[in-house]
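File shown: protein27.cif. Contents: mmCIF, C-alpha atoms.
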```
data_structure
loop_
_atom_site.label_atom_id
_atom_site.label_comp_id
_atom_site.auth_asym_id
_atom_site.auth_seq_id
_atom_site.Cartn_x
_atom_site.Cartn_y
_atom_site.Cartn_z
CA MET A 11 -27.31 -48.96 1.86
CA ARG A 12 -24.94 -50.35 4.43
CA ILE A 13 -24.26 -47.72 7.08
CA GLN A 14 -21.21 -48.30 9.25
CA CYS A 15 -21.87 -47.68 12.92
CA LEU A 16 -19.68 -46.40 15.70
CA THR A 17 -19.42 -48.37 18.93
CA LYS A 18 -18.12 -47.46 22.36
CA THR A 19 -14.62 -48.54 23.28
CA ALA A 20 -12.42 -48.31 26.35
CA HIS A 21 -11.36 -44.91 24.99
CA PRO A 22 -14.79 -43.26 24.54
CA LEU A 23 -13.63 -40.08 22.79
CA THR A 24 -12.11 -41.98 19.87
CA PRO A 25 -14.62 -43.45 17.38
CA VAL A 26 -14.00 -46.92 16.01
CA ARG A 27 -12.39 -46.83 12.57
CA GLY A 28 -14.77 -47.06 9.65
CA VAL A 29 -13.19 -50.22 8.27
CA GLU A 30 -9.91 -52.03 8.59
CA PHE A 31 -7.28 -50.13 6.64
CA PHE A 32 -7.40 -50.85 2.94
CA GLN A 33 -5.03 -53.50 1.64
CA GLY A 34 -2.89 -51.97 -1.06
CA THR A 35 0.34 -50.18 -1.76
CA LEU A 36 -0.23 -47.68 1.10
CA ASP A 37 -1.29 -50.06 3.87
CA SER A 38 1.53 -49.26 6.32
CA THR A 39 0.12 -47.43 9.36
CA ASP A 40 2.97 -47.51 11.88
CA GLU A 41 4.61 -44.11 11.29
CA ILE A 42 2.74 -42.32 14.10
CA GLU A 43 1.84 -43.70 17.51
CA SER A 44 -0.13 -40.70 18.74
CA ALA A 45 -0.48 -36.98 18.14
CA ARG A 46 -1.62 -34.04 20.26
CA VAL A 47 -3.77 -31.21 18.94
CA PHE A 48 -3.01 -27.56 19.69
CA ASP A 49 -5.86 -25.41 18.36
CA THR A 50 -5.07 -21.86 17.30
CA THR A 51 -8.42 -20.97 15.71
CA LEU A 52 -9.05 -18.24 18.29
CA ARG A 53 -5.60 -16.70 17.86
CA ASP A 54 -4.02 -17.31 14.43
CA GLY A 55 -7.38 -18.20 12.91
CA GLU A 56 -8.76 -14.82 13.94
CA GLN A 57 -5.91 -13.18 12.02
CA SER A 58 -7.68 -14.10 8.79
CA PRO A 59 -8.29 -10.79 6.97
CA GLY A 60 -11.78 -9.57 7.85
CA THR A 61 -12.33 -12.02 10.73
CA SER A 62 -13.05 -10.85 14.27
CA PHE A 63 -14.45 -13.08 17.01
CA SER A 64 -16.56 -11.48 19.71
CA TYR A 65 -16.23 -12.40 23.37
CA ASP A 66 -19.23 -14.73 23.07
CA ASP A 67 -17.90 -16.24 19.84
CA LYS A 68 -14.64 -17.16 21.54
CA ARG A 69 -16.39 -18.66 24.55
CA GLN A 70 -18.67 -20.79 22.34
CA ILE A 71 -15.89 -22.10 20.12
CA ALA A 72 -13.62 -22.77 23.09
CA ALA A 73 -16.38 -24.71 24.86
CA ILE A 74 -16.80 -27.04 21.87
CA LEU A 75 -13.04 -27.52 21.50
CA ASP A 76 -12.84 -28.31 25.22
CA ASP A 77 -15.71 -30.81 25.10
CA MET A 78 -14.11 -32.54 22.10
CA GLY A 79 -10.91 -33.20 24.04
CA THR A 80 -8.57 -30.73 22.30
CA HIS A 81 -5.24 -30.81 24.15
CA VAL A 82 -4.41 -27.08 24.03
CA ILE A 83 -6.54 -24.06 23.13
CA GLU A 84 -4.60 -20.92 22.21
CA ALA A 85 -7.23 -18.45 23.35
CA GLY A 86 -5.62 -15.26 22.12
CA PHE A 87 -3.03 -12.52 22.62
CA PRO A 88 -3.82 -11.14 26.11
CA VAL A 89 -1.79 -7.92 25.88
CA ASN A 90 -3.61 -6.92 22.68
CA SER A 91 -6.61 -5.27 24.39
CA ASP A 92 -8.70 -5.34 27.55
CA ALA A 93 -11.42 -7.29 25.73
CA GLU A 94 -8.89 -9.85 24.51
CA PHE A 95 -7.46 -10.21 28.01
CA GLU A 96 -10.92 -10.80 29.49
CA ALA A 97 -11.79 -13.40 26.84
CA VAL A 98 -8.56 -15.30 27.42
CA ARG A 99 -8.99 -15.13 31.19
CA ASP A 100 -12.56 -16.42 31.03
CA ILE A 101 -11.67 -19.27 28.67
CA ALA A 102 -8.79 -20.25 30.96
CA SER A 103 -11.12 -20.37 33.98
CA SER A 104 -14.04 -22.12 32.27
CA THR A 105 -12.31 -24.93 30.34
CA SER A 106 -10.71 -28.11 31.61
CA THR A 107 -8.09 -28.32 28.87
CA THR A 108 -4.78 -26.44 28.79
CA THR A 109 -5.27 -22.81 27.75
CA CYS A 110 -2.47 -20.88 26.09
CA GLY A 111 -1.80 -17.17 25.66
CA LEU A 112 0.54 -15.66 23.08
CA ALA A 113 3.33 -13.22 23.98
CA ARG A 114 6.22 -11.58 22.21
CA VAL A 115 9.59 -11.69 23.95
CA VAL A 116 8.50 -8.54 25.81
CA ASP A 117 7.97 -8.37 29.57
CA ASP A 118 4.57 -6.65 29.33
CA ASP A 119 3.29 -9.32 26.93
CA ILE A 120 4.46 -12.14 29.16
CA ASP A 121 3.06 -10.55 32.30
CA ALA A 122 -0.33 -10.03 30.64
CA ALA A 123 -0.42 -13.69 29.59
CA LEU A 124 0.53 -14.84 33.08
CA ASP A 125 -2.04 -12.52 34.70
CA SER A 126 -4.78 -13.93 32.45
CA GLY A 127 -4.45 -17.27 34.22
CA VAL A 128 -3.41 -19.42 31.27
CA GLU A 129 -1.47 -22.59 32.04
CA MET A 130 0.83 -22.16 29.02
CA VAL A 131 2.53 -19.05 27.66
CA HIS A 132 3.61 -19.18 24.01
CA THR A 133 6.41 -16.67 23.42
CA PHE A 134 8.05 -16.04 20.06
CA VAL A 135 10.76 -14.09 18.31
CA SER A 136 11.91 -13.87 14.70
CA THR A 137 15.01 -15.88 13.83
CA SER A 138 15.32 -15.43 10.04
CA ASP A 139 17.75 -12.71 9.00
CA VAL A 140 15.17 -10.95 6.83
CA GLN A 141 12.81 -10.56 9.79
CA ILE A 142 15.54 -9.82 12.35
CA GLU A 143 16.96 -7.03 10.20
CA ASP A 144 13.91 -5.58 8.43
CA SER A 145 11.13 -6.21 10.96
CA MET A 146 12.79 -6.28 14.39
CA HIS A 147 15.80 -4.08 13.50
CA ALA A 148 17.87 -6.18 15.87
CA THR A 149 20.85 -8.55 15.83
CA ARG A 150 21.14 -12.31 16.21
CA ASP A 151 22.73 -11.90 19.65
CA GLU A 152 19.83 -9.74 20.80
CA VAL A 153 17.36 -12.37 19.56
CA VAL A 154 19.03 -15.12 21.58
CA GLN A 155 19.21 -12.91 24.68
CA ARG A 156 15.52 -11.95 24.51
CA ALA A 157 14.48 -15.55 23.87
CA VAL A 158 16.40 -16.88 26.89
CA GLU A 159 15.21 -14.10 29.22
CA SER A 160 11.59 -14.64 28.19
CA VAL A 161 11.73 -18.40 28.68
CA GLU A 162 13.26 -17.91 32.14
CA ARG A 163 10.59 -15.31 33.06
CA ILE A 164 7.79 -17.72 32.15
CA THR A 165 9.26 -20.80 33.79
CA ASP A 166 10.17 -18.87 36.95
CA ALA A 167 6.49 -17.91 37.22
CA GLY A 168 5.54 -21.60 37.22
CA ALA A 169 3.76 -21.65 33.85
CA THR A 170 4.42 -24.07 31.01
CA CYS A 171 6.62 -22.35 28.41
CA MET A 172 6.38 -22.79 24.65
CA PHE A 173 8.96 -20.97 22.54
CA SER A 174 8.76 -20.33 18.78
CA PRO A 175 11.66 -19.32 16.55
CA MET A 176 9.42 -17.45 14.11
CA ASP A 177 10.12 -18.03 10.41
CA ALA A 178 12.15 -21.11 11.31
CA THR A 179 11.97 -22.56 7.80
CA ARG A 180 13.74 -19.47 6.40
CA THR A 181 16.30 -19.29 9.22
CA ASP A 182 19.98 -20.11 8.82
CA GLU A 183 20.26 -23.71 10.07
CA THR A 184 23.28 -23.18 12.30
CA PHE A 185 21.69 -20.16 13.98
CA LEU A 186 18.39 -22.00 14.41
CA ILE A 187 20.15 -24.81 16.26
CA ASP A 188 21.96 -22.23 18.41
CA VAL A 189 18.60 -20.74 19.42
CA VAL A 190 17.09 -24.16 20.10
CA GLU A 191 20.00 -25.14 22.33
CA ALA A 192 19.92 -21.79 24.18
CA VAL A 193 16.20 -21.99 25.09
CA THR A 194 16.60 -25.67 25.97
CA GLU A 195 19.30 -24.77 28.48
CA ALA A 196 16.99 -22.04 29.82
CA GLY A 197 14.40 -24.69 30.66
CA VAL A 198 11.79 -24.39 27.89
CA ASP A 199 9.05 -27.05 27.96
CA TRP A 200 7.95 -26.92 24.33
CA ILE A 201 9.64 -25.71 21.16
CA ASN A 202 7.24 -24.83 18.39
CA VAL A 203 8.76 -24.95 14.90
CA PRO A 204 6.76 -22.60 12.66
CA ASP A 205 6.69 -22.59 8.88
CA THR A 206 5.58 -18.98 9.14
CA CYS A 207 5.51 -18.21 5.42
CA GLY A 208 4.40 -21.63 4.22
CA VAL A 209 7.53 -22.51 2.23
CA ALA A 210 8.21 -26.00 3.61
CA THR A 211 7.72 -29.26 1.76
CA PRO A 212 6.95 -32.49 3.64
CA GLY A 213 10.32 -34.14 3.05
CA ARG A 214 12.36 -31.07 3.94
CA PHE A 215 10.20 -30.30 6.98
CA ARG A 216 10.51 -33.90 8.21
CA ASP A 217 14.34 -33.65 8.00
CA MET A 218 14.30 -30.30 9.78
CA ILE A 219 12.20 -31.56 12.69
CA ALA A 220 14.34 -34.67 13.06
CA LYS A 221 17.46 -32.50 13.29
CA ILE A 222 15.91 -30.19 15.90
CA CYS A 223 14.86 -33.22 17.95
CA ASP A 224 18.53 -34.21 18.09
CA HIS A 225 19.44 -30.90 19.74
CA THR A 226 16.83 -30.58 22.50
CA ASP A 227 15.05 -32.58 25.14
CA ALA A 228 12.04 -30.24 25.00
CA ARG A 229 8.84 -31.52 23.41
CA ILE A 230 8.34 -30.45 19.80
CA ASP A 231 5.28 -28.77 18.33
CA VAL A 232 4.81 -27.69 14.69
CA HIS A 233 2.95 -24.78 13.13
CA THR A 234 2.46 -24.85 9.36
CA HIS A 235 0.89 -22.44 6.87
CA ASP A 236 -0.97 -23.28 3.68
CA ASP A 237 0.51 -20.89 1.10
CA PHE A 238 1.24 -23.82 -1.24
CA GLY A 239 -1.52 -26.09 0.01
CA LEU A 240 0.92 -28.21 2.03
CA ALA A 241 0.13 -27.18 5.61
CA THR A 242 -1.55 -30.38 6.77
CA ALA A 243 0.94 -32.57 4.89
CA ASN A 244 3.82 -30.69 6.52
CA ALA A 245 2.25 -30.98 9.97
CA LEU A 246 1.92 -34.75 9.54
CA ALA A 247 5.51 -34.96 8.29
CA GLY A 248 6.60 -33.16 11.46
CA ILE A 249 4.77 -35.70 13.61
CA GLU A 250 6.36 -38.55 11.65
CA ALA A 251 9.78 -37.01 12.39
CA GLY A 252 9.23 -36.96 16.15
CA ALA A 253 7.08 -33.93 16.97
CA ASP A 254 4.42 -34.57 19.61
CA GLN A 255 1.88 -31.94 18.64
CA ALA A 256 0.62 -29.82 15.75
CA GLN A 257 -0.94 -26.37 15.79
CA VAL A 258 -4.09 -26.37 13.67
CA SER A 259 -7.07 -24.16 12.92
CA VAL A 260 -10.66 -25.15 12.19
CA ASN A 261 -11.51 -24.87 8.46
CA SER A 262 -7.86 -23.88 7.85
CA ILE A 263 -8.57 -20.22 8.67
CA GLY A 264 -5.61 -18.00 9.47
CA GLU A 265 -3.07 -15.56 8.02
CA ARG A 266 -3.02 -15.40 4.20
CA ALA A 267 -3.97 -18.90 2.92
CA GLY A 268 -4.44 -20.15 6.48
CA ASN A 269 -3.10 -22.92 8.70
CA ALA A 270 -3.10 -26.69 8.79
CA ALA A 271 -6.74 -27.70 9.18
CA TYR A 272 -7.95 -29.10 12.50
CA GLU A 273 -10.33 -31.49 10.77
CA GLU A 274 -7.80 -32.70 8.19
CA PHE A 275 -5.04 -33.29 10.71
CA VAL A 276 -7.24 -35.10 13.24
CA MET A 277 -8.89 -37.37 10.69
CA SER A 278 -5.60 -38.16 8.98
CA VAL A 279 -4.06 -39.28 12.26
CA GLU A 280 -7.17 -41.24 13.24
CA SER A 281 -7.99 -42.80 9.88
CA LEU A 282 -4.90 -42.90 7.66
CA TYR A 283 -2.36 -43.57 10.39
CA GLN A 284 -4.86 -45.56 12.50
CA SER A 285 -3.53 -43.76 15.56
CA GLU A 286 -4.87 -41.81 18.53
CA THR A 287 -5.67 -38.15 19.08
CA GLY A 288 -8.27 -38.56 21.83
CA ILE A 289 -10.53 -36.11 19.97
CA ASP A 290 -14.29 -36.71 19.76
CA THR A 291 -14.38 -36.64 15.97
CA THR A 292 -18.18 -36.92 15.79
CA ARG A 293 -18.43 -33.18 16.55
CA ILE A 294 -16.08 -32.03 13.79
CA ALA A 295 -18.87 -31.06 11.37
CA GLU A 296 -20.65 -29.12 14.13
CA LEU A 297 -17.43 -27.31 15.09
CA SER A 298 -16.77 -26.44 11.45
CA ARG A 299 -20.23 -24.94 11.00
CA VAL A 300 -19.90 -22.79 14.13
CA VAL A 301 -16.48 -21.46 13.08
CA GLU A 302 -17.76 -20.81 9.55
CA GLU A 303 -20.63 -18.74 10.95
CA LYS A 304 -18.61 -16.82 13.53
CA SER A 305 -15.61 -16.14 11.28
CA GLY A 306 -17.65 -15.02 8.29
CA MET A 307 -15.48 -17.21 6.07
CA ALA A 308 -17.50 -19.59 3.89
CA THR A 309 -16.27 -23.18 3.74
CA PRO A 310 -15.74 -24.31 0.12
CA GLY A 311 -17.91 -27.22 -1.01
CA ASN A 312 -14.82 -29.26 -1.88
CA LYS A 313 -13.13 -28.66 1.50
CA PRO A 314 -11.82 -32.01 2.80
CA VAL A 315 -13.77 -33.62 5.64
CA VAL A 316 -16.21 -30.74 6.28
CA GLY A 317 -17.17 -29.39 2.84
CA ASP A 318 -20.69 -30.04 1.50
CA ASN A 319 -19.25 -32.30 -1.19
CA ALA A 320 -16.97 -34.33 1.08
CA PHE A 321 -19.46 -37.20 1.25
CA SER A 322 -21.63 -36.31 -1.76
CA HIS A 323 -22.00 -38.31 -4.98
CA GLU A 324 -23.56 -37.38 -8.31
CA SER A 325 -21.75 -39.51 -10.89
CA GLY A 326 -23.83 -42.54 -11.87
CA ILE A 327 -20.96 -45.00 -11.45
CA HIS A 328 -20.03 -43.62 -8.04
CA ALA A 329 -23.60 -43.38 -6.77
CA ALA A 330 -24.38 -46.94 -7.89
CA GLY A 331 -21.30 -48.22 -6.07
CA VAL A 332 -22.04 -46.26 -2.90
CA ILE A 333 -25.62 -47.55 -2.82
CA GLU A 334 -24.22 -51.09 -2.73
CA ASN A 335 -21.32 -50.36 -0.39
CA SER A 336 -20.14 -46.92 0.69
CA ASP A 337 -16.53 -48.12 0.78
CA THR A 338 -16.46 -48.41 -3.02
CA PHE A 339 -16.04 -44.69 -3.69
CA GLU A 340 -15.25 -43.26 -0.26
CA PRO A 341 -12.06 -43.68 1.79
CA GLY A 342 -13.65 -46.39 3.92
CA VAL A 343 -11.43 -45.51 6.86
CA MET A 344 -13.35 -42.24 7.22
CA THR A 345 -17.15 -42.28 7.13
CA PRO A 346 -19.56 -39.34 7.46
CA GLU A 347 -20.76 -40.76 10.79
CA MET A 348 -17.22 -40.46 12.18
CA VAL A 349 -17.24 -36.66 11.72
CA GLY A 350 -20.92 -36.02 12.39
CA ALA A 351 -21.78 -35.42 8.73
CA GLU A 352 -24.27 -36.94 6.26
CA ARG A 353 -23.80 -38.84 3.03
CA ARG A 354 -25.68 -37.34 0.08
CA LEU A 355 -26.60 -38.60 -3.37
CA VAL A 356 -26.97 -35.40 -5.37
CA MET A 357 -29.12 -35.31 -8.51
CA GLY A 358 -27.70 -33.61 -11.58
CA LYS A 359 -26.21 -33.97 -15.04
CA HIS A 360 -24.12 -37.01 -14.06
CA THR A 361 -26.85 -38.92 -12.18
CA GLY A 362 -27.51 -42.56 -13.11
CA THR A 363 -30.55 -44.79 -12.94
CA HIS A 364 -29.50 -46.52 -9.70
CA SER A 365 -29.57 -43.22 -7.83
CA VAL A 366 -32.86 -42.11 -9.37
CA SER A 367 -34.53 -45.44 -8.58
CA GLU A 368 -33.32 -45.26 -4.97
CA ARG A 369 -34.60 -41.71 -4.50
CA LEU A 370 -37.98 -42.42 -6.13
CA GLN A 371 -38.54 -45.35 -3.81
CA GLU A 372 -37.63 -43.20 -0.81
CA CYS A 373 -40.29 -40.71 -1.95
CA GLY A 374 -42.90 -43.48 -2.00
CA TYR A 375 -42.96 -44.25 -5.72
CA ASP A 376 -42.95 -47.69 -7.36
CA PRO A 377 -41.36 -47.05 -10.76
CA THR A 378 -40.87 -49.47 -13.62
CA THR A 379 -37.49 -49.75 -15.31
CA GLU A 380 -38.69 -47.63 -18.23
CA GLN A 381 -40.10 -44.99 -15.89
CA VAL A 382 -36.78 -44.79 -14.05
CA ARG A 383 -35.04 -44.19 -17.38
CA ALA A 384 -37.54 -41.46 -18.29
CA VAL A 385 -37.13 -39.66 -14.96
CA THR A 386 -33.33 -40.02 -15.19
CA ARG A 387 -33.36 -38.29 -18.58
CA ARG A 388 -35.34 -35.40 -17.09
CA VAL A 389 -32.93 -35.15 -14.15
CA LYS A 390 -29.89 -35.09 -16.45
CA ASP A 391 -31.40 -32.43 -18.72
CA TYR A 392 -32.40 -30.29 -15.74
CA GLY A 393 -28.97 -30.65 -14.14
CA ALA A 394 -27.20 -29.80 -17.39
CA GLU A 395 -28.73 -26.33 -17.12
CA LYS A 396 -26.78 -25.92 -13.84
CA ARG A 397 -29.93 -26.10 -11.79
CA GLN A 398 -30.28 -27.86 -8.46
CA VAL A 399 -32.64 -30.83 -8.51
CA THR A 400 -34.90 -30.64 -5.45
CA VAL A 401 -37.29 -33.22 -4.04
CA SER A 402 -40.15 -31.21 -5.55
CA ASP A 403 -38.48 -31.39 -8.98
CA LEU A 404 -38.03 -35.14 -8.71
CA GLU A 405 -41.67 -35.60 -7.74
CA ARG A 406 -42.76 -33.47 -10.70
CA PHE A 407 -40.68 -35.56 -13.09
CA ALA A 408 -42.18 -38.72 -11.59
CA GLU A 409 -45.73 -37.42 -11.99
CA ASP A 410 -45.02 -36.47 -15.61
CA ALA A 411 -43.84 -40.05 -16.20
CA ASP A 412 -47.03 -41.45 -14.58
CA VAL A 413 -45.11 -43.28 -11.85
CA ASP A 414 -47.43 -44.91 -9.30
CA ARG A 415 -47.21 -43.60 -5.77
CA GLN A 416 -48.79 -44.12 -2.38
CA ARG A 417 -50.06 -40.62 -1.51
CA ASP A 418 -49.09 -39.03 1.82
CA SER A 419 -52.31 -37.34 2.95
CA ASP A 420 -50.74 -36.18 6.22
CA ARG A 421 -48.19 -33.90 4.57
CA THR A 422 -48.61 -30.24 5.55
CA ASP A 423 -48.42 -27.16 3.33
CA GLN A 424 -45.16 -26.18 5.11
CA GLN A 425 -43.64 -29.57 4.27
CA ASP A 426 -44.64 -29.07 0.65
CA GLN A 427 -42.91 -25.66 0.66
CA ASP A 428 -39.79 -27.17 2.23
CA ARG A 429 -39.61 -29.76 -0.55
CA GLU A 430 -39.39 -26.94 -3.10
CA HIS A 431 -35.90 -26.20 -1.72
CA GLU A 432 -34.78 -29.54 -0.26
CA GLU A 433 -31.96 -31.25 -2.13
CA VAL A 434 -32.41 -34.83 -3.12
CA ARG A 435 -30.00 -36.60 -0.79
CA ILE A 436 -29.42 -39.96 0.75
#
```
Now, as a test, write the supplied structure out as structure tokens.
Amino acid sequence: MRIQCLTKTAHPLTPVRGVEFFQGTLDSTDEIESARVFDTTLRDGEQSPGTSFSYDDKRQIAAILDDMGTHVIEAGFPVNSDAEFEAVRDIASSTSTTTCGLARVVDDDIDAALDSGVEMVHTFVSTSDVQIEDSMHATRDEVVQRAVESVERITDAGATCMFSPMDATRTDETFLIDVVEAVTEAGVDWINVPDTCGVATPGRFRDMIAKICDHTDARIDVHTHDDFGLATANALAGIEAGADQAQVSVNSIGERAGNAAYEEFVMSVESLYQSETGIDTTRIAELSRVVEEKSGMATPGNKPVVGDNAFSHESGIHAAGVIENSDTFEPGVMTPEMVGAERRLVMGKHTGTHSVSERLQECGYDPTTEQVRAVTRRVKDYGAEKRQVTVSDLERFAEDADVDRQRDSDRTDQQDQDREHEEVRI
């Protein structure tokens, strides 16, 4: 099999693309020049029902995000508790990237964030009428006043200020622009546009971001939720419309259905748009596994980029093509090496002779064409019973078919036990 390698470039944190972008109906790659990554795994991600990161969990995840080159790490909500404050403070002091703390438009929240030592304070207030009236029990005028006062408090303290009009996608457009212009005049550095309830569509969100860009000279950031499975698509649409940065969460974890996925957003910018994030993508699989373990939220096998099946092949046609050239039935512009993952050829009901022959040879067998067919039939029958085909199973089928093999006399009992559970993979 041809394995595509990564080489060092003048920009060492950005792996070389897997292949030149495919020539076809979608070969335009000039919509995005670059995109920044704001990670909110430790803040919004932790709001996943049932998820709670310990102090050590936060430090470990933050360290990986920092090493990867993530532009901003939202470490938490400092006013929430003493433990949260300490975690945010320690992350701010131990990382080289920009650390952000969340704060409502409340003086105590803002002061706690500033005291924690973060470089950026992210303050927010509801702007949709349903939240203003039924959650805040306030008026539009009070919302604008609190927003402006909070922005001024943060900027006067010398910190970078990000302001979010919460529930922006369900906010009256005229009022939203009024809020944007008011915080712009107050000196805000970043305006985050959140699709708090996940109701945006890519086209509508793109138009909305473009309009907001016309009414502010602040930098634009987007925060999208996945209630309809559109979070990453909406985040990319926001970048296309002029936003500089997207808020994302590893493995999509977050409130309800979660946030735009760190791994999906980064690899889309790098591979589909052929643009720059500056992220060391080769550690994405590692990061995903750590967050999966610490969050207690299992990553589905079919999760894009980081799921077990993302680079796995069982179908005979697909496996045969991948054995010849991995670009045949994979994106090509994204390889497993680029994200620190492995390609697997999985044995099962849909396995073909090419895959079986390849695996038998890897196990040291020298099968005839007829023997390959016989073993393939056994693999298909076994897989049809919804059972996983292990290396031990494959060897048993080969022995039953009298396939010649060079014995490995150095193999230990432990290795034999491991093969009872080891998947057949590439």
Quick one: apply the PyMOL selection byres ((chain A and resi 156) around 10) to the file and drop the selected residues here as a PyMOL selection string. chain A and resi 114-117+134-135+151-155+157-162
Residues near A:Leu282, cut-off 9 Å, all atoms listed in the file, skip fewer than 2 positions along chain, as a list of chain:residue names: A:Phe31, A:Asp37, A:Thr39, A:Met277, A:Ser278, A:Val279, A:Glu280, A:Gln284, A:Ser285, A:Val343, A:Met344
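With all atoms listed in the file taken into account, the protein and nucleic acid residues at most 6 Å from A:Ala45 (excluding it and anything under 2 positions from it in its own chain) are Asp254, Gln255 and Thr287 of chain A.
Proximity to A:Phe321 at 10 Å, evaluated using all atoms listed in the file and with sequence-adjacent residues fewer than 5 positions away removed, yields Asn312, Pro314, Val315, Val316, Ser336, Phe339, Glu340, Pro341, Met344, Thr345, Pro346, Ala351, Glu352, Arg353, Arg354 and Leu355 of chain A.
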List the spatial neighbours of A:Arg383 as a ChimeraX atom specification - criterion: any atom at most 10 Å away, all atoms listed in the file, same-chain residues fewer than 6 positions off excluded. /A:362-364,366-367,377,389,411
Excluding A:Gly248 and its own-chain neighbours fewer than 4 positions away, which residues fall within 10 Å of it when counting all atoms listed in the file? Please give them as an MDAnalysis selection string. chainID A and resid 203 212:220 230:234 242:244 252:256
Suppose a student applies the PyMOL selection byres ((chain A and resi 87) around 6) to this structure; what residues should they get, written as JSON, numbers by chain? {"A": [86, 88, 89, 90, 111, 112]}
Residues in the PyMOL selection byres ((chain A and resi 61) around 12), expressed as a PyMOL selection string: chain A and resi 51-60+62-64+67+263-266+301-308
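Atom CA of A:Ser259 to atom CA of A:Thr309 spans 13.0 Å [interatomic distance, one decimal].
Taking atom CA of A:Ser281 and atom CA of A:Ala295 as the two end points, the separation is 16.1 Å.
In terms of minimum interatomic distance to A:Asp66, A:Glu96 ranks closest within A:Met176, A:Gly208, A:Glu347, A:Glu96, counting only C-alpha atoms.
Atom CA of A:Val382 to atom CA of A:His360 spans 14.9 Å [interatomic distance, one decimal].
Counting only C-alpha atoms and comparing A:Val300, A:Cys223, A:Ala192, A:Asp414, the residue that lies closest to A:Ile249 is A:Cys223.
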Selected residue, from A:Ala113, A:Ala210, A:Leu240, A:Val258, that lies nearest to A:Cys171 when counting only C-alpha atoms: A:Ala113
Counting all atoms listed in the file, which of A:Asp391, A:Asp237, A:Glu405, A:Asp337 gets nearest to A:Glu372? A:Glu405
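Using only C-alpha atoms, the nearest neighbour of A:Gly393 within the list A:Asn335, A:Ser104, A:Thr361, A:Gln141 is A:Thr361.
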As a PDB file, keeping the file's coordinate frame, the rebuilt stretch 391-401 of chain A with N, CA, C and O atoms:
```pdb
ATOM      1  N   ASP A 391     -31.167 -33.643 -17.933  1.00  0.00           N
ATOM      2  CA  ASP A 391     -31.400 -32.430 -18.720  1.00  0.00           C
ATOM      3  C   ASP A 391     -31.509 -31.210 -17.802  1.00  0.00           C
ATOM      4  O   ASP A 391     -30.974 -30.144 -18.101  1.00  0.00           O
ATOM      5  N   TYR A 392     -32.216 -31.390 -16.701  1.00  0.00           N
ATOM      6  CA  TYR A 392     -32.400 -30.290 -15.740  1.00  0.00           C
ATOM      7  C   TYR A 392     -31.056 -29.904 -15.121  1.00  0.00           C
ATOM      8  O   TYR A 392     -30.723 -28.723 -14.994  1.00  0.00           O
ATOM      9  N   GLY A 393     -30.263 -30.907 -14.733  1.00  0.00           N
ATOM     10  CA  GLY A 393     -28.970 -30.650 -14.140  1.00  0.00           C
ATOM     11  C   GLY A 393     -27.985 -30.025 -15.097  1.00  0.00           C
ATOM     12  O   GLY A 393     -27.103 -29.253 -14.709  1.00  0.00           O
ATOM     13  N   ALA A 394     -28.108 -30.350 -16.382  1.00  0.00           N
ATOM     14  CA  ALA A 394     -27.200 -29.800 -17.390  1.00  0.00           C
ATOM     15  C   ALA A 394     -27.354 -28.293 -17.524  1.00  0.00           C
ATOM     16  O   ALA A 394     -26.446 -27.606 -18.001  1.00  0.00           O
ATOM     17  N   GLU A 395     -28.499 -27.780 -17.097  1.00  0.00           N
ATOM     18  CA  GLU A 395     -28.730 -26.330 -17.120  1.00  0.00           C
ATOM     19  C   GLU A 395     -28.211 -25.660 -15.847  1.00  0.00           C
ATOM     20  O   GLU A 395     -28.564 -24.515 -15.551  1.00  0.00           O
ATOM     21  N   LYS A 396     -27.394 -26.426 -15.074  1.00  0.00           N
ATOM     22  CA  LYS A 396     -26.780 -25.920 -13.840  1.00  0.00           C
ATOM     23  C   LYS A 396     -27.817 -25.552 -12.800  1.00  0.00           C
ATOM     24  O   LYS A 396     -27.660 -24.593 -12.036  1.00  0.00           O
ATOM     25  N   ARG A 397     -28.890 -26.318 -12.780  1.00  0.00           N
ATOM     26  CA  ARG A 397     -29.930 -26.100 -11.790  1.00  0.00           C
ATOM     27  C   ARG A 397     -29.931 -27.234 -10.772  1.00  0.00           C
ATOM     28  O   ARG A 397     -29.666 -28.376 -11.117  1.00  0.00           O
ATOM     29  N   GLN A 398     -30.239 -26.872  -9.527  1.00  0.00           N
ATOM     30  CA  GLN A 398     -30.280 -27.860  -8.460  1.00  0.00           C
ATOM     31  C   GLN A 398     -31.579 -28.651  -8.535  1.00  0.00           C
ATOM     32  O   GLN A 398     -32.658 -28.077  -8.665  1.00  0.00           O
ATOM     33  N   VAL A 399     -31.464 -29.972  -8.479  1.00  0.00           N
ATOM     34  CA  VAL A 399     -32.640 -30.830  -8.510  1.00  0.00           C
ATOM     35  C   VAL A 399     -33.131 -31.023  -7.081  1.00  0.00           C
ATOM     36  O   VAL A 399     -32.447 -31.620  -6.251  1.00  0.00           O
ATOM     37  N   THR A 400     -34.327 -30.510  -6.780  1.00  0.00           N
ATOM     38  CA  THR A 400     -34.900 -30.640  -5.450  1.00  0.00           C
ATOM     39  C   THR A 400     -35.846 -31.835  -5.404  1.00  0.00           C
ATOM     40  O   THR A 400     -36.181 -32.433  -6.429  1.00  0.00           O
ATOM     41  N   VAL A 401     -36.316 -32.148  -4.194  1.00  0.00           N
ATOM     42  CA  VAL A 401     -37.290 -33.220  -4.040  1.00  0.00           C
ATOM     43  C   VAL A 401     -38.551 -32.894  -4.838  1.00  0.00           C
ATOM     44  O   VAL A 401     -39.154 -33.763  -5.481  1.00  0.00           O
TER      45      VAL A 401
END
```
